[in-house]
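Raw contents of input.txt, compact mmCIF, C-alpha atoms and all ligand atoms:
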# COMPACT_ATOMS: atom_id res chain seq x y z
CA MET A 1 0.00 0.00 0.00
CA ILE A 2 1.33 3.46 -0.91
CA PHE A 3 0.68 6.53 1.25
CA LYS A 4 1.35 10.20 0.64
CA GLY A 5 3.27 12.30 3.17
CA ILE A 6 2.35 15.90 4.00
CA ARG A 7 4.44 17.17 1.09
CA GLY A 8 2.99 14.59 -1.24
CA GLU A 9 6.01 12.33 -1.17
CA THR A 10 5.42 8.65 -1.61
CA VAL A 11 5.79 6.73 1.62
CA GLN A 12 5.83 2.98 1.40
CA ASP A 13 4.46 0.22 3.67
CA ILE A 14 4.66 2.02 6.97
CA ASN A 15 3.57 5.57 7.53
CA PHE A 16 4.46 7.32 10.77
CA CYS A 17 2.27 10.03 12.19
CA PHE A 18 4.31 12.31 14.46
CA GLN A 19 2.02 15.32 14.28
CA ASN A 20 2.46 17.56 17.39
CA ARG A 21 5.53 15.67 18.48
CA ASN A 22 8.95 17.23 19.03
CA TYR A 23 12.35 15.70 18.34
CA VAL A 24 15.98 16.73 18.59
CA VAL A 25 18.49 15.33 16.09
CA VAL A 26 22.22 15.81 16.71
CA GLY A 27 24.22 15.29 13.50
CA ALA A 28 21.34 16.52 11.36
CA SER A 29 23.38 18.23 8.65
CA SER A 30 24.47 15.12 6.77
CA GLY A 31 24.00 11.44 6.05
CA ILE A 32 21.86 9.33 8.35
CA GLY A 33 20.98 12.18 10.76
CA LYS A 34 19.84 14.34 7.85
CA GLN A 35 17.61 11.55 6.52
CA ILE A 36 16.07 10.99 9.97
CA THR A 37 15.44 14.75 10.29
CA LEU A 38 13.67 14.86 6.93
CA ASP A 39 11.61 11.74 7.65
CA LEU A 40 10.52 13.12 11.02
CA ALA A 41 9.51 16.43 9.45
CA GLU A 42 7.69 14.58 6.67
CA SER A 43 5.76 12.69 9.35
CA GLY A 44 4.62 15.97 10.83
CA ALA A 45 7.02 16.35 13.76
CA ASN A 46 8.80 19.54 14.85
CA VAL A 47 12.52 18.92 14.70
CA LEU A 48 15.44 20.74 16.27
CA ALA A 49 18.33 19.97 13.90
CA ILE A 50 21.81 20.28 15.43
CA ALA A 51 25.35 20.08 13.97
CA ARG A 52 28.41 22.31 13.53
CA ASN A 53 27.92 23.49 9.97
CA ASN A 54 25.22 26.14 9.83
CA GLU A 55 25.09 26.27 6.04
CA ARG A 56 24.42 22.58 5.62
CA LEU A 57 21.88 22.73 8.46
CA ASP A 58 20.10 25.52 6.67
CA ASP A 59 19.87 23.47 3.48
CA VAL A 60 18.09 20.81 5.52
CA ARG A 61 15.80 23.36 7.20
CA LEU A 62 14.73 24.87 3.89
CA LEU A 63 13.22 21.55 2.81
CA TYR A 64 10.65 21.82 5.66
CA PRO A 65 10.88 25.42 6.92
CA ASP A 66 7.72 25.09 9.06
CA LYS A 67 8.91 21.94 10.76
CA ILE A 68 12.68 22.23 11.17
CA THR A 69 14.55 24.63 13.47
CA THR A 70 18.35 24.61 13.58
CA ALA A 71 21.04 25.20 16.20
CA VAL A 72 24.82 25.05 15.96
CA ILE A 73 26.65 22.96 18.53
CA ASN A 74 30.07 21.34 18.48
CA VAL A 75 29.67 18.24 20.64
CA LEU A 76 33.43 18.16 21.25
CA CYS A 77 33.21 21.20 23.47
CA ALA A 78 29.50 21.61 24.30
CA ARG A 79 28.80 21.59 28.01
CA ASP A 80 25.80 22.21 30.25
CA ASN A 81 25.16 25.81 29.26
CA ASP A 82 25.40 25.15 25.55
CA TRP A 83 22.83 22.35 25.69
CA ARG A 84 20.50 24.42 27.86
CA GLY A 85 20.95 27.32 25.47
CA VAL A 86 19.53 25.37 22.54
CA LEU A 87 17.00 23.15 24.34
CA ASP A 88 15.33 25.90 26.40
CA PRO A 89 14.05 28.00 23.47
CA PHE A 90 12.88 24.93 21.51
CA VAL A 91 10.94 23.49 24.43
CA THR A 92 9.49 26.91 25.29
CA LYS A 93 8.20 27.30 21.75
CA TYR A 94 6.98 23.76 20.94
CA GLY A 95 6.61 21.98 24.28
CA LYS A 96 8.47 19.04 25.75
CA ILE A 97 10.48 16.67 23.61
CA ASN A 98 9.21 13.21 22.59
CA GLY A 99 12.59 11.90 21.62
CA GLY A 100 16.19 12.52 20.66
CA ILE A 101 18.50 11.04 18.06
CA TYR A 102 22.27 11.31 18.31
CA THR A 103 24.16 10.53 15.09
CA ALA A 104 27.26 12.73 15.47
CA GLY A 105 30.30 10.62 14.70
CA ILE A 106 33.63 10.78 12.91
CA SER A 107 36.09 8.15 11.79
CA LYS A 108 39.86 8.56 11.57
CA ILE A 109 41.95 5.72 10.27
CA ALA A 110 45.07 4.91 12.28
CA SER A 111 46.95 1.74 13.12
CA LEU A 112 47.72 0.94 16.75
CA LYS A 113 51.40 1.63 16.22
CA MET A 114 50.78 5.02 14.61
CA LEU A 115 47.96 6.02 16.92
CA ASP A 116 47.58 9.78 17.19
CA GLU A 117 46.25 10.63 20.62
CA GLU A 118 44.37 13.75 19.60
CA ASP A 119 42.61 12.05 16.68
CA ALA A 120 41.72 8.99 18.74
CA ARG A 121 40.29 11.18 21.50
CA ASP A 122 38.22 13.18 19.01
CA VAL A 123 36.74 9.96 17.65
CA VAL A 124 35.74 8.73 21.12
CA GLU A 125 34.52 12.15 22.26
CA THR A 126 32.30 12.66 19.23
CA SER A 127 30.60 9.27 19.29
CA PHE A 128 30.60 8.55 23.02
CA TRP A 129 31.21 11.49 25.36
CA GLY A 130 29.19 13.90 23.23
CA MET A 131 26.30 11.46 23.36
CA LEU A 132 26.47 11.19 27.17
CA PHE A 133 26.42 14.95 27.67
CA PHE A 134 23.50 15.27 25.27
CA LEU A 135 21.52 12.54 27.06
CA LYS A 136 22.37 13.97 30.46
CA PHE A 137 20.25 16.99 29.56
CA ILE A 138 17.68 15.85 27.15
CA THR A 139 16.40 13.02 29.35
CA ARG A 140 15.57 15.42 32.17
CA LYS A 141 11.88 15.89 32.98
CA LYS A 142 12.26 19.57 32.28
CA TYR A 143 12.92 18.78 28.62
CA SER A 144 11.47 15.36 27.83
CA CYS A 145 8.00 13.86 28.16
CA VAL A 146 7.17 10.71 30.02
CA GLY A 147 7.59 7.91 27.50
CA SER A 148 10.08 9.67 25.25
CA SER A 149 12.44 7.58 23.14
CA PHE A 150 16.13 8.03 22.31
CA VAL A 151 18.19 6.49 19.53
CA VAL A 152 21.99 6.63 19.39
CA PHE A 153 24.51 5.28 16.90
CA SER A 154 26.85 2.36 17.32
CA SER A 155 28.24 0.46 14.31
CA ALA A 156 28.64 -3.04 12.90
CA ALA A 157 32.36 -2.36 13.51
CA SER A 158 31.70 -2.63 17.25
CA TYR A 159 30.92 -6.33 16.75
CA ILE A 160 33.96 -7.36 14.77
CA GLY A 161 36.49 -4.57 15.08
CA GLN A 162 38.19 -2.97 12.14
CA LYS A 163 41.82 -2.69 11.04
CA GLY A 164 42.83 0.93 11.56
CA GLY A 165 39.59 1.62 13.44
CA ILE A 166 40.51 0.85 17.04
CA ALA A 167 39.22 4.06 18.60
CA TYR A 168 36.13 4.09 16.38
CA ALA A 169 35.05 0.49 17.02
CA ALA A 170 35.76 0.80 20.75
CA ALA A 171 33.80 4.07 21.00
CA LYS A 172 30.87 2.44 19.22
CA ALA A 173 30.99 -0.58 21.56
CA ALA A 174 30.93 1.90 24.45
CA VAL A 175 27.81 3.49 22.96
CA SER A 176 25.78 0.26 22.71
CA ASN A 177 26.99 -0.80 26.12
CA ALA A 178 26.11 2.51 27.80
CA VAL A 179 22.63 2.19 26.31
CA LYS A 180 21.93 -0.78 28.59
CA SER A 181 22.75 1.11 31.80
CA ILE A 182 20.95 4.24 30.66
CA ALA A 183 17.88 2.21 29.65
CA SER A 184 17.55 0.83 33.14
CA GLU A 185 17.89 4.29 34.69
CA ILE A 186 15.41 6.15 32.51
CA ALA A 187 12.78 3.38 32.51
CA ALA A 188 11.49 4.90 35.77
CA ASN A 189 10.10 7.71 33.63
CA LYS A 190 8.88 5.27 30.93
CA GLN A 191 11.64 6.62 28.71
CA ARG A 192 13.46 4.30 26.32
CA ILE A 193 16.83 4.23 24.60
CA ASN A 194 18.22 1.94 21.90
CA SER A 195 21.19 1.96 19.57
CA ILE A 196 21.42 1.22 15.87
CA SER A 197 24.50 -0.46 14.39
CA PRO A 198 24.68 0.22 10.67
CA GLY A 199 26.95 -1.49 8.19
CA TRP A 200 28.43 0.49 5.26
CA VAL A 201 26.04 3.31 4.37
CA LYS A 202 26.94 5.73 1.60
CA THR A 203 27.34 9.13 3.30
CA ASN A 204 29.99 11.85 3.70
CA MET A 205 31.59 9.77 6.41
CA THR A 206 32.14 6.70 4.26
CA GLU A 207 33.22 8.82 1.31
CA LEU A 208 35.88 10.40 3.51
CA ALA A 209 36.99 7.00 4.82
CA GLU A 210 37.31 5.81 1.24
CA GLN A 211 39.53 8.80 0.40
CA GLU A 212 41.58 8.58 3.60
CA SER A 213 42.33 4.92 3.07
CA GLY A 214 43.19 5.36 -0.59
CA GLY A 215 40.39 2.98 -1.54
CA ILE A 216 41.47 0.14 0.78
CA VAL A 217 38.40 0.14 3.01
CA SER A 218 36.09 0.04 0.03
CA SER A 219 37.83 -2.63 -2.02
CA ASP A 220 35.78 -5.83 -2.14
CA LEU A 221 33.05 -4.01 -0.26
CA GLU A 222 30.25 -5.11 -2.55
CA SER A 223 31.02 -8.78 -2.02
CA ALA A 224 31.01 -8.33 1.76
CA TYR A 225 27.40 -7.15 1.63
CA PRO A 226 24.90 -9.86 0.59
CA LEU A 227 22.19 -7.21 0.15
CA GLY A 228 24.51 -4.58 -1.31
CA LEU A 229 25.66 -1.33 0.31
CA GLY A 230 23.29 0.83 2.32
CA VAL A 231 21.79 4.26 1.86
CA PRO A 232 20.54 6.54 4.71
CA LYS A 233 16.93 5.60 3.95
CA ASN A 234 17.74 1.99 4.93
CA ILE A 235 18.50 3.22 8.45
CA SER A 236 16.02 6.05 9.06
CA GLY A 237 12.96 3.77 9.03
CA MET A 238 14.23 1.85 12.04
CA ALA A 239 15.03 5.09 13.88
CA LEU A 240 11.46 6.30 13.36
CA PHE A 241 10.03 2.94 14.35
CA LEU A 242 12.02 3.06 17.62
CA MET A 243 10.59 6.56 18.21
CA SER A 244 7.04 5.33 17.66
CA ASP A 245 4.54 3.90 20.14
CA ALA A 246 4.78 0.54 18.35
CA ALA A 247 8.23 0.20 19.96
CA SER A 248 7.04 1.03 23.47
CA TRP A 249 8.41 -2.25 24.91
CA ILE A 250 11.84 -2.01 23.24
CA THR A 251 14.65 -0.56 25.32
CA GLY A 252 18.35 -1.23 25.94
CA SER A 253 18.68 -3.01 22.58
CA ASP A 254 21.07 -2.68 19.69
CA VAL A 255 19.62 -3.14 16.22
CA VAL A 256 22.04 -4.22 13.50
CA ILE A 257 21.11 -2.93 10.02
CA ASP A 258 23.85 -4.09 7.71
CA GLY A 259 22.50 -5.76 4.59
CA GLY A 260 23.73 -9.09 5.94
CA PHE A 261 27.36 -7.99 6.42
CA LEU A 262 27.84 -9.65 9.82
CA VAL A 263 26.21 -12.94 8.85
CA GLY A 264 27.56 -12.92 5.33
CA ARG A 265 31.25 -13.08 6.25
CA PHE A 266 33.18 -16.25 5.62
CA MET B 1 62.17 16.20 5.33
CA ASN B 2 65.63 14.80 4.52
CA GLU B 3 66.29 11.21 3.48
CA HIS B 4 67.50 10.13 6.87
CA ASP B 5 64.45 11.46 8.70
CA PHE B 6 62.16 10.00 6.10
CA ILE B 7 63.60 6.51 6.48
CA GLU B 8 63.35 6.80 10.24
CA GLN B 9 59.68 7.74 10.00
CA LEU B 10 58.94 4.97 7.55
CA VAL B 11 60.67 2.35 9.70
CA ASN B 12 58.68 3.57 12.66
CA LEU B 13 55.44 3.48 10.69
CA MET B 14 55.97 -0.06 9.41
CA ASP B 15 57.58 -1.25 12.64
CA THR B 16 60.15 -3.22 10.69
CA GLU B 17 63.52 -4.46 11.92
CA GLU B 18 64.90 -4.84 8.43
CA ASP B 19 67.64 -2.56 7.15
CA ILE B 20 65.88 0.02 5.05
CA SER B 21 67.63 2.26 2.56
CA MET B 22 66.43 4.59 -0.18
CA ASP B 23 66.83 1.77 -2.68
CA SER B 24 64.98 -0.90 -0.70
CA SER B 25 62.28 -2.48 -2.77
CA LEU B 26 58.88 -2.17 -1.07
CA GLU B 27 57.93 -5.59 -2.37
CA ASN B 28 60.63 -7.14 -0.21
CA ILE B 29 59.58 -5.43 2.99
CA GLU B 30 57.15 -7.78 4.70
CA GLU B 31 55.67 -4.99 6.81
CA TRP B 32 54.71 -2.85 3.80
CA ASP B 33 51.12 -4.09 3.82
CA SER B 34 47.67 -2.56 3.44
CA LEU B 35 47.74 -1.14 6.97
CA SER B 36 51.15 0.48 6.37
CA TYR B 37 49.85 1.89 3.11
CA VAL B 38 46.87 3.47 4.87
CA SER B 39 49.09 4.72 7.71
CA PHE B 40 51.44 6.25 5.14
CA LEU B 41 48.56 8.18 3.55
CA ALA B 42 47.45 9.35 6.99
CA MET B 43 51.00 10.42 7.87
CA CYS B 44 51.23 12.45 4.66
CA THR B 45 47.92 14.18 5.31
CA LYS B 46 48.96 14.98 8.85
CA HIS B 47 52.52 16.15 8.25
CA LEU B 48 52.24 17.69 4.81
CA GLY B 49 48.79 19.13 5.33
CA ARG B 50 47.76 17.80 1.92
CA ARG B 51 46.49 14.54 0.49
CA VAL B 52 48.89 12.59 -1.70
CA GLU B 53 47.59 10.59 -4.66
CA PRO B 54 46.81 7.06 -3.38
CA GLN B 55 47.41 5.78 -6.90
CA LYS B 56 51.01 7.05 -6.82
CA VAL B 57 51.65 5.39 -3.47
CA ARG B 58 50.25 2.13 -4.80
CA GLU B 59 52.54 2.35 -7.81
CA ALA B 60 55.67 3.12 -5.77
CA LYS B 61 58.33 0.42 -6.12
CA THR B 62 61.06 1.67 -3.79
CA VAL B 63 61.47 3.73 -0.65
CA ARG B 64 62.83 6.47 -2.87
CA ASP B 65 59.57 6.53 -4.84
CA LEU B 66 57.68 7.18 -1.61
CA TYR B 67 60.19 9.86 -0.64
CA GLU B 68 59.61 11.61 -3.94
CA ILE B 69 55.85 11.59 -3.46
CA VAL B 70 56.31 13.28 -0.10
CA ASN B 71 58.70 15.87 -1.49
CA GLU B 72 56.76 16.74 -4.61
N1 LIG A 301 27.83 5.67 7.21
C1 LIG A 301 28.13 4.49 7.70
O1 LIG A 301 28.50 3.57 6.95
C2 LIG A 301 28.05 4.22 9.18
C3 LIG A 301 28.28 2.91 9.61
C4 LIG A 301 28.21 2.64 10.98
C5 LIG A 301 27.91 3.66 11.87
N2 LIG A 301 27.71 4.92 11.42
C6 LIG A 301 27.43 5.96 12.41
O2 LIG A 301 26.23 6.62 12.07
C7 LIG A 301 26.30 7.98 12.48
C8 LIG A 301 25.99 8.90 11.31
O3 LIG A 301 26.98 8.71 10.30
P1 LIG A 301 26.88 9.31 8.83
O4 LIG A 301 27.46 8.30 7.93
O5 LIG A 301 25.53 9.84 8.60
O6 LIG A 301 27.97 10.48 8.95
P2 LIG A 301 28.03 11.94 8.31
O7 LIG A 301 27.31 11.99 7.00
O8 LIG A 301 29.47 12.31 8.32
O9 LIG A 301 27.23 12.82 9.36
C9 LIG A 301 27.72 13.03 10.64
C10 LIG A 301 26.96 14.13 11.30
O10 LIG A 301 27.53 14.40 12.58
C11 LIG A 301 27.80 15.76 12.71
N3 LIG A 301 28.96 15.97 13.56
C12 LIG A 301 30.20 15.43 13.43
N4 LIG A 301 31.02 15.90 14.37
C13 LIG A 301 30.29 16.76 15.12
C14 LIG A 301 30.59 17.60 16.24
N5 LIG A 301 31.82 17.64 16.78
N6 LIG A 301 29.59 18.36 16.75
C15 LIG A 301 28.36 18.35 16.20
N7 LIG A 301 28.03 17.59 15.15
C16 LIG A 301 28.98 16.82 14.61
C17 LIG A 301 28.04 16.24 11.29
O11 LIG A 301 27.73 17.61 11.10
P3 LIG A 301 28.81 18.81 11.02
O12 LIG A 301 29.98 18.32 10.24
O13 LIG A 301 28.04 19.90 10.36
O14 LIG A 301 29.11 19.12 12.42
C18 LIG A 301 27.02 15.43 10.52
O15 LIG A 301 25.76 16.04 10.56
C19 LIG A 301 27.71 8.18 13.04
O16 LIG A 301 27.70 8.07 14.43
C20 LIG A 301 28.48 7.04 12.43
O17 LIG A 301 29.59 6.69 13.20
C21 LIG A 301 27.78 5.23 10.09

Show how you would write the structure in this file as structure tokens.
Amino acid sequence: MIFKGIRGETVQDINFCFQNRNYVVVGASSGIGKQITLDLAESGANVLAIARNNERLDDVRLLYPDKITTAVINVLCARDNDWRGVLDPFVTKYGKINGGIYTAGISKIASLKMLDEEDARDVVETSFWGMLFFLKFITRKKYSCVGSSFVVFSSAASYIGQKGGIAYAAAKAAVSNAVKSIASEIAANKQRINSISPGWVKTNMTELAEQESGGIVSSDLESAYPLGLGVPKNISGMALFLMSDAASWITGSDVVIDGGFLVGRF
Amino acid sequence: MNEHDFIEQLVNLMDTEEDISMDSSLENIEEWDSLSYVSFLAMCTKHLGRRVEPQKVREAKTVRDLYEIVNE
């Protein structure tokens, strides 16, 4: 069955209705976070889209100017006041938040023996510490409704590791592990949190990794993916599902979406 | 970077105990593998502040070829 979204776009199979709901997406200017932002807006939600690059954020906002608001934050240095500074006005204008998605992440290729401390720390801080500081605020009753849902990003790499990706894979394992502890804490307020572990999805991040590695990480990639490589749309549906009421009994889980990469290896 | 410093960096990057000279053939250095290749690209980006052509690095036959890529 084919449905039409509010802007007349074709929506297949499942149609989410997030009218009058409010979401915050960190990492909204590109790739998976951008797709989630657009899908949320298409479903009728108000979205606060956060990233560092204001120009790219504005390109996203202009696709749904009535639904998307933007704010610039660098998760590497954002602390209490910065988060309050962007959450307060959004919540004052639209009401409490129904959920948050954290997709900010970077990858820097480095072998153990050539590990660069600053790069490795940036990788862990972007994926892991930035996420914790975000959740520390957004899960508070002041900002989030009872029953709100959070989705954060791990990676298939956290399951099997990755040559040259020590800090990245470890940070991602930390993300899906932290989700379990956080899930048990926030359940008291009927809030939920889950992580998604994507395989190779074509975005700016993977394009950069391809360049940085001089093509090594992407050689033989097609054959490692029984269902082919992913696109952001392959991931955003699960993020929206986890935000929805249909997922109200799912918390503390990690969902692998990898086109069969993990099971297809031999 | 002079030749001596370059060799020192390369030895460190590959973590090899072999005797490396400007004329060493990369093919004969066991530690010159895909991870070393990627680390070499990363080192260039970091220290030169520019990306070197991966294709050129792949085509390099000797340590001197790599040195020339760096000093282009
Ligand atoms: N693509 C894949 O194959 C893949 C696979 C497994 C896991 N993942 C994970 O999925 C998530 C999304 O990845 P993607 O492929 O969509 O990457 P992407 O296209 O590079 O997008 C990353 C987003 O994070 C934002 N960001 C990065 N550093 C930030 C910082 N310091 N402060 C604020 N925002 C920051 C970027 O915006 P600005 O640059 O404007 O700040 C951008 O919006 C990441 O956590 C990634 O590790 C991706």

Problem set entry | Contacts of ligand LIG 301 (chain A), 7 Å or closer, only C-alpha atoms and all ligand atoms, given as JSON, numbers by chain | {"A": [26, 27, 28, 29, 30, 31, 32, 33, 34, 50, 51, 52, 53, 54, 56, 73, 74, 75, 76, 103, 104, 105, 106, 107, 126, 127, 153, 154, 155, 156, 157, 197, 198, 199, 200, 201, 202, 203, 204, 205, 206]}

Exercise. Neighbours of Asn71 (chain B) within 12 Å (only C-alpha atoms; same-chain residues fewer than 4 positions away dropped), as JSON, numbers by chain?
Worked result: {"B": [1, 2, 3, 6, 44, 47, 48, 50, 52, 64, 65, 66, 67]}

For this session: Please provide the set of residues having any atom within 12 Å of Leu41 (chain B), restricted to only C-alpha atoms, with same-chain residues fewer than 3 positions apart removed, written as a ChimeraX atom specification.
Result: /A:108-111,114,209-216 /B:10,13,34-38,44-58,66,69-70

Problem set entry | Who sits within 8 Å of Thr62 (chain B), only C-alpha atoms, same chain under 5 positions skipped, as a ChimeraX atom specification | /B:22-26

Exercise. What is the CA of Gly44 (chain A) to CA of Ala71 (chain A) distance in Å?
Worked result: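 Separating CA of Gly44 (chain A) from CA of Ala71 (chain A) is a distance of 19.6 Å.
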
Nearby residues, (14.5, 20.2, 14.8) file frame, 10 Å, only C-alpha atoms, as a PDB file with C-alpha atoms, keeping the file's coordinate frame:
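Result file follows (result-v7.pdb):
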ATOM      1  CA  ASN A  22       8.950  17.230  19.030  1.00  0.00           C
ATOM      2  CA  TYR A  23      12.350  15.700  18.340  1.00  0.00           C
ATOM      3  CA  VAL A  24      15.980  16.730  18.590  1.00  0.00           C
ATOM      4  CA  VAL A  25      18.490  15.330  16.090  1.00  0.00           C
ATOM      5  CA  VAL A  26      22.220  15.810  16.710  1.00  0.00           C
ATOM      6  CA  ALA A  28      21.340  16.520  11.360  1.00  0.00           C
ATOM      7  CA  THR A  37      15.440  14.750  10.290  1.00  0.00           C
ATOM      8  CA  LEU A  38      13.670  14.860   6.930  1.00  0.00           C
ATOM      9  CA  LEU A  40      10.520  13.120  11.020  1.00  0.00           C
ATOM     10  CA  ALA A  41       9.510  16.430   9.450  1.00  0.00           C
ATOM     11  CA  ALA A  45       7.020  16.350  13.760  1.00  0.00           C
ATOM     12  CA  ASN A  46       8.800  19.540  14.850  1.00  0.00           C
ATOM     13  CA  VAL A  47      12.520  18.920  14.700  1.00  0.00           C
ATOM     14  CA  LEU A  48      15.440  20.740  16.270  1.00  0.00           C
ATOM     15  CA  ALA A  49      18.330  19.970  13.900  1.00  0.00           C
ATOM     16  CA  ILE A  50      21.810  20.280  15.430  1.00  0.00           C
ATOM     17  CA  VAL A  60      18.090  20.810   5.520  1.00  0.00           C
ATOM     18  CA  ARG A  61      15.800  23.360   7.200  1.00  0.00           C
ATOM     19  CA  LYS A  67       8.910  21.940  10.760  1.00  0.00           C
ATOM     20  CA  ILE A  68      12.680  22.230  11.170  1.00  0.00           C
ATOM     21  CA  THR A  69      14.550  24.630  13.470  1.00  0.00           C
ATOM     22  CA  THR A  70      18.350  24.610  13.580  1.00  0.00           C
ATOM     23  CA  ALA A  71      21.040  25.200  16.200  1.00  0.00           C
ATOM     24  CA  PHE A  90      12.880  24.930  21.510  1.00  0.00           C
ATOM     25  CA  GLY A 100      16.190  12.520  20.660  1.00  0.00           C
TER      26      GLY A 100
END

Six-sided padding of 3 Å per side, axis-aligned box over region 52-69 of chain A, centre and edges in Å, one decimal, as JSON:
{"center_x": 18.1, "center_y": 23.5, "center_z": 8.2, "size_x": 26.7, "size_y": 11.5, "size_z": 16.7}

For this session: Choose the residue, out of A:Asp39, A:Asp13, A:Glu185, A:Asp119, that has the smallest atom-to-atom separation from chain B; count only C-alpha atoms.
Result: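 When distances to chain B are compared using only C-alpha atoms, the smallest one comes from A:Asp119.
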
Exercise. What separation in Å, quoted to one decimal, exists between CA of Leu57 (chain A) and CA of Asn15 (chain A)?
Worked result: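 Spanning CA of Leu57 (chain A) to CA of Asn15 (chain A) is a straight-line distance of 25.1 Å.
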
Please report, as CSV, each residue of region 57-117 of chain A lying at most 8 Å from region 144-149 of chain A, together with the nearest pair of atoms and the separation in Å rounded to one decimal; use only C-alpha atoms, and order rows by chain and ascending residue number.
residue,atom,partner,partner_atom,distance
A:Lys96,CA,A:Ser144,CA,5.2
A:Ile97,CA,A:Ser144,CA,4.5
A:Asn98,CA,A:Ser148,CA,4.5
A:Gly99,CA,A:Ser149,CA,4.6
A:Gly100,CA,A:Ser149,CA,6.7

Problem set entry | Distance criterion (all atoms listed in the file): nearest to Val256 (chain A) out of A:Tyr94, A:Ser181, A:Ser158, A:Leu208 |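 Closest to Val256 (chain A) of all the choices is A:Ser158.
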
Exercise. To one decimal place, how far is CA of Arg140 (chain A) from CA of Ile235 (chain A) in Å?
Worked result: 26.8 Å

For this session: With a distance cut-off of 10 Å and all atoms listed in the file, select the neighbouring residues of Glu17 (chain B), excluding the residue or stretch itself and same-chain residues fewer than 3 positions from it, and output the selection as a PyMOL selection string.
Result: chain B and resi 11-12+14+20+29+31

Exercise. Which of these, A:Cys17, A:Ile160, A:Ile182, A:Val217, has the shortest distance to chain B once you count all atoms listed in the file?
Worked result: A:Val217

For this session: Have a look at B:Glu27, B:Asp15, B:Asp33, B:Glu59 and name the one nearest to chain A; count all atoms listed in the file.
Result: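 Among the listed residues, the smallest separation from chain A belongs to B:Asp15.
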
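Ranking B:Ala42, B:Glu72, B:Glu18, B:Glu30 by their shortest atom-to-atom distance to chain A, with all atoms listed in the file included, puts B:Ala42 first.
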
Exercise. Of the residues A:Tyr64, A:Arg21, A:Ala78, A:Gly165, which is the one nearest to chain B, using only C-alpha atoms?
Worked result: A:Gly165
